[in-house]
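> Got a structure here, written out as structure tokens. Questions coming.
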2 protein chains.
Amino acid sequence: MNRPEILVIDDEPPMQKLLEIILESNAYTYRKAANGKEGIIMAANHPPDLILLDIGLPDKSGHELLSELRMWYNKSIIILSVQDSEADIVKALDNGATDYLAKPFRTAELLARIRSALRKNSAAETTLPIEKGELFIDLGRRIVRRAGQPVKLTATEYKLLALLVKNEGTVMTHHYILKEVWGSGNQNDTQYLRVFIGALRKKIEADPNQPRHIITESGIGYRFI
Amino acid sequence: MNRPEILVIDDEPPMQKLLEIILESNAYTYRKAANGKEGIIMAANHPPDLILLDIGLPDKSGHELLSELRMWYNKSIIILSVQDSEADIVKALDNGATDYLAKPFRTAELLARIRSALRKNSAAETTLPIEKGELFIDLGRRIVRRAGQPVKLTATEYKLLALLVKNEGTVMTHHYILKEVWGSGNQNDTQYLRVFIGALRKKIEADPNQPRHIITESGIGYRFI
DNA sequence: TCATCTTTATAAAATCTTTATACCGCGTTC
DNA sequence: GAACGCGGTATAAAGATTTTATAAAGATGA
């Protein structure tokens with residue numbers, strides 16, 4: 001995961017500023033909402049990897065907001081609160097909060113809890129599988145099936161297919177593919193590529209002579225559809 | 001879940017007594033271990049639903065103990081500590097602790113965090129017995145049978161099989177398997193893995209020469225089907 | 001001591017690289 | 001228009017290399 005996005009829902013400008021500084025200087029992308037309504041909208045439009053939610057918001061109780069978010073948002077939510085009352089913590093964790101942190105907090109503890117929460121995220125979700133016609137590709141779990149039948153790919157074949165699939169629709173030059181799959185030493189060995197494209201077609205195309213997924217762009221490279 | 005079992009690993013009798021009172025009076029079954037070694041043994045013999053681990057134990061650092069437990073214990077572990085230093089918290093959470101609580105703690109907060117941790121347990125796993133062809137595997141009860149005959153597995157073989165079965169269908173890399181089963185020190189000793197895969201196949205495959213369940217993905221790892 | 005785990009050794013299998021050969025489209029030449 | 005060469009491509013099959021399987025000897029620990 002590169003630069004996880006964190007949405008901060010908090011109405012106090014000084015706290016916002018503090019969190020912005022902490023998060024941005026630790027390779028997180030910071031987004032902010034000044035109240036609950038704005039927070040819901042932002043989270044819905046572009047779901048962040050984690051939400052930091054202040055429980056003392058102006059328009060609606062943070063607890064209510066938490067319940068609303070939890071109806072559809074399934075990634076981590078860390079609660080921030082000045083109250084730190086026992087009842088508050090109980091309620092927040094029982095309501096589905098991933099974690100709870102009392103203000104004022106130490107920077108290192110905040111970061112540690114963020115890391116822990118993000119790890120839970122990535123453990124839960126996996127990259128979404130792709131299904132195109134009779135072809136099924138799940139890059140995360142390394143599962144490939146054609147017409148329901150599991151397809152066994154070698155390590156190199158898999159790397160090649162993954163690269164093509166990740167850049168679906170766009171033409172990848174020979175040069176670039178060779179660099180990504182074989183490393184920067186073999187950038188001119190176009191023959192490797194031909195051999196392996198051939199092998200891949202045999203395995204995933206219904207008719208390898210008339211490839212419908214791995215298209216050759218003569219003189220340039222290949223493209224996955 | 002009726003009366004979740006909580007194992008407390010803590011060497012101070014007063015703290016043990018306090019936790020016993022708190023837990024027993026809140027419908028939890030309390031079990032205790034006075035040091036790390038005893039804790040490991042008790043957890044292994046009869047895995048509790050949650051472990052409360054004091055980080056300042058006499059025989060070995062709580063952090064080491066945490067790593068050891070995490071090699072095979074996948075339910076919640078809450079760390080207790082008087083230190084409450086930032087580095088300590090970071091280390092514990094990064095090492096796989098579910099949560100962290102500084103002593104002295106408030107009873108309500110402890111109970112809230114326990115509830116939250118237990119909820120994570122039940123969400124994460126629900127290990128139903130698996131029955132595939134002549135193979136029967138019940139991870140929860142540690143029972144494995146092939147063609148009706150009980151199969152005896154060693155501790156390591158069992159850990160390996162459990163990891164593969166839990167991730168049925170997905171390819172597990174050598175590196176990852178080694179880390180999970182043998183710990184983070186032996187991540188490059190692929191030969192261990194080969195030996196134990198061989199042993200497992202002899203025990204659970206009808207024809208070990210033509211494995212139908214433990215599939216090797218050359219250059220990558222193994223997969224269970 | 002016994003069962004288990006770790007190492008080492010070696011054979012077997014799978015994969016990758018390389019070479020050889022045929023193809024296809026296209027413009028040039030005869 | 002047929003023959004030829006040319007750049008780019010596809011496929012098969014040979015070595016070469018890497019990876020895996022298995023046995024078996026040593027080490028460890030209850």
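Every chain in the structure tokens has a letter given in the order shown (A, B, ...), and although residue numbers restart at 1 in each chain, ligands are simply numbered from 1 in the order shown.
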Where does DSSP see strand (DSSP E) in stretch 32-210 of chain A, if you list the residues as a ChimeraX atom specification?
/A:32-33,50-54,76-81,99-102,130-132,135-138,143-146,149-150,171-173
> How would the residues just chosen look if you wrote them out with C-alpha atoms as a PDB file, in the first residue's frame?

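Output contents, as saved in out.pdb:
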```
ATOM      1  CA  LYS A  32      -9.969  16.475   6.655  1.00  0.00           C
ATOM      2  CA  ALA A  33     -13.621  17.051   7.445  1.00  0.00           C
ATOM      3  CA  LEU A  50      -8.536   4.722   7.952  1.00  0.00           C
ATOM      4  CA  ILE A  51     -10.693   7.286   9.763  1.00  0.00           C
ATOM      5  CA  LEU A  52      -9.607   9.277  12.796  1.00  0.00           C
ATOM      6  CA  LEU A  53     -12.831  10.395  14.432  1.00  0.00           C
ATOM      7  CA  ASP A  54     -13.136  13.003  17.155  1.00  0.00           C
ATOM      8  CA  SER A  76     -10.465   0.900  10.585  1.00  0.00           C
ATOM      9  CA  ILE A  77     -11.897   3.744  12.654  1.00  0.00           C
ATOM     10  CA  ILE A  78      -9.851   5.135  15.523  1.00  0.00           C
ATOM     11  CA  ILE A  79     -11.718   7.298  18.037  1.00  0.00           C
ATOM     12  CA  LEU A  80     -10.131  10.410  19.525  1.00  0.00           C
ATOM     13  CA  SER A  81     -11.645  12.002  22.598  1.00  0.00           C
ATOM     14  CA  ASP A  99      -9.365   1.545  18.679  1.00  0.00           C
ATOM     15  CA  TYR A 100      -9.642   4.385  21.142  1.00  0.00           C
ATOM     16  CA  LEU A 101      -7.165   7.115  22.043  1.00  0.00           C
ATOM     17  CA  ALA A 102      -7.520   9.831  24.663  1.00  0.00           C
ATOM     18  CA  ILE A 130     -10.946  -9.909 -12.312  1.00  0.00           C
ATOM     19  CA  GLU A 131     -13.468 -11.821 -14.373  1.00  0.00           C
ATOM     20  CA  LYS A 132     -13.468 -11.388 -18.138  1.00  0.00           C
ATOM     21  CA  LEU A 135     -11.173 -15.904 -17.790  1.00  0.00           C
ATOM     22  CA  PHE A 136     -10.816 -15.460 -14.019  1.00  0.00           C
ATOM     23  CA  ILE A 137      -7.731 -13.840 -12.488  1.00  0.00           C
ATOM     24  CA  ASP A 138      -7.115 -13.209  -8.798  1.00  0.00           C
ATOM     25  CA  ILE A 143      -5.408 -17.987  -8.816  1.00  0.00           C
ATOM     26  CA  VAL A 144      -6.086 -18.145 -12.550  1.00  0.00           C
ATOM     27  CA  ARG A 145      -8.924 -20.115 -14.133  1.00  0.00           C
ATOM     28  CA  ARG A 146     -10.125 -20.525 -17.704  1.00  0.00           C
ATOM     29  CA  GLN A 149     -10.527 -24.934 -14.933  1.00  0.00           C
ATOM     30  CA  PRO A 150      -7.546 -23.919 -12.781  1.00  0.00           C
ATOM     31  CA  VAL A 171       0.104  -1.014 -24.700  1.00  0.00           C
ATOM     32  CA  MET A 172       3.232  -2.134 -22.886  1.00  0.00           C
ATOM     33  CA  THR A 173       6.460  -1.868 -24.881  1.00  0.00           C
TER      34      THR A 173
END
```
> Identify every residue of chain A that has at least one atom within 10 Å of any atom of chain C, counting only C-alpha atoms (C1' of nucleotides), and report the result as a PyMOL selection string.
chain A and resi 154-156+191-192
> Write the selection just made, keeping N, CA and C atoms, as a short mmCIF file (atom, residue, chain, number, x, y, z; two decimals), in the first residue's frame?

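Writing the result to result-v3.cif gives the following:
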```
data_model
loop_
_atom_site.label_atom_id
_atom_site.label_comp_id
_atom_site.auth_asym_id
_atom_site.auth_seq_id
_atom_site.Cartn_x
_atom_site.Cartn_y
_atom_site.Cartn_z
N THR A 154 3.82 -20.79 -14.33
CA THR A 154 5.14 -20.75 -13.69
C THR A 154 5.36 -19.34 -13.15
N ALA A 155 6.43 -19.19 -12.37
CA ALA A 155 6.69 -17.90 -11.72
C ALA A 155 6.80 -16.77 -12.75
N THR A 156 7.55 -17.02 -13.82
CA THR A 156 7.75 -15.97 -14.81
C THR A 156 6.47 -15.68 -15.59
N GLN A 191 13.27 -12.08 -27.59
CA GLN A 191 12.88 -13.45 -27.85
C GLN A 191 12.29 -14.12 -26.61
N TYR A 192 12.87 -13.82 -25.41
CA TYR A 192 12.28 -14.34 -24.18
C TYR A 192 10.79 -14.09 -24.18
#
```
> With chain A as the partner and 9 Å as the cut-off, tabulate the residues of chain D that qualify, each row holding the nearest pair of atoms and their distance in Å to one decimal, using only C-alpha atoms (C1' of nucleotides), sorted by chain and rising number, as a Markdown table.

```
| residue | atom | partner | partner_atom | distance |
| --- | --- | --- | --- | --- |
| D:DG7 | C1' | A:Gly219 | CA | 9.0 |
| D:DG8 | C1' | A:Gly219 | CA | 6.6 |
| D:DT9 | C1' | A:Arg194 | CA | 7.8 |
| D:DA10 | C1' | A:Gly198 | CA | 7.3 |
| D:DT11 | C1' | A:Gly198 | CA | 7.8 |
```
> Can those selected residues be exported to a file as a short mmCIF file (atom, residue, chain, number, x, y, z; two decimals), in the first residue's frame so that it contains N, CA and C atoms (P, O5', C5', C4', C3', O3' and C1' of nucleotides)?

```cif
data_model
loop_
_atom_site.label_atom_id
_atom_site.label_comp_id
_atom_site.auth_asym_id
_atom_site.auth_seq_id
_atom_site.Cartn_x
_atom_site.Cartn_y
_atom_site.Cartn_z
P DG D 7 16.25 -5.81 -41.97
"O5'" DG D 7 15.05 -5.52 -40.97
"C5'" DG D 7 14.16 -4.42 -41.22
"C4'" DG D 7 12.86 -4.68 -40.50
"C3'" DG D 7 13.03 -5.03 -39.02
"O3'" DG D 7 12.15 -4.24 -38.26
"C1'" DG D 7 11.80 -6.73 -40.13
P DG D 8 12.21 -4.28 -36.64
"O5'" DG D 8 11.02 -5.27 -36.29
"C5'" DG D 8 9.72 -4.98 -36.75
"C4'" DG D 8 8.87 -6.22 -36.64
"C3'" DG D 8 8.89 -6.89 -35.25
"O3'" DG D 8 7.59 -6.86 -34.70
"C1'" DG D 8 9.09 -8.47 -36.99
P DT D 9 7.37 -7.46 -33.25
"O5'" DT D 9 6.83 -8.92 -33.53
"C5'" DT D 9 5.67 -9.10 -34.32
"C4'" DT D 9 5.45 -10.57 -34.58
"C3'" DT D 9 5.32 -11.44 -33.34
"O3'" DT D 9 3.98 -11.86 -33.22
"C1'" DT D 9 6.66 -12.47 -35.02
P DA D 10 3.55 -12.81 -31.98
"O5'" DA D 10 3.85 -14.27 -32.51
"C5'" DA D 10 3.05 -14.80 -33.56
"C4'" DA D 10 3.39 -16.27 -33.78
"C3'" DA D 10 3.25 -17.15 -32.53
"O3'" DA D 10 2.46 -18.28 -32.89
"C1'" DA D 10 5.40 -17.43 -33.51
P DT D 11 1.96 -19.28 -31.75
"O5'" DT D 11 3.00 -20.47 -31.82
"C5'" DT D 11 3.10 -21.20 -33.04
"C4'" DT D 11 4.24 -22.18 -32.95
"C3'" DT D 11 4.25 -23.02 -31.67
"O3'" DT D 11 4.03 -24.37 -32.06
"C1'" DT D 11 6.42 -22.23 -32.24
#
```
> Would you give me, as a ChimeraX atom specification, the residues of chain B that come within 6 Å of chain A, using only C-alpha atoms?
/B:86,90,108-109,112,116,170-171,219
> Step one, run DSSP on the backbone; step two, keep only residues of stretch 36-218 of chain B assigned to helix (DSSP H, G or I); then write them as an MDAnalysis selection string.
chainID B and resid 36:45 62:70 86:94 107:124 155:166 174:182 184:186 190:204
> In Å, rounded to a single decimal, give me how far atom CA of B:Gly183 is from atom CA of B:Gln16.
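Here the two named atoms are 29.9 Å from each other.
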> For a quick check of understanding, using only C-alpha atoms, which of A:Pro129, A:Pro48, A:Gly148, A:Gly169 has the smallest distance to A:Tyr222?
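Among A:Pro129, A:Pro48, A:Gly148, A:Gly169, it is A:Gly169 that comes nearest to A:Tyr222.
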> Could you state the separation of atom CA of A:Arg223 and atom CA of A:Asn188 in Å, given to one decimal place?
18.5 Å
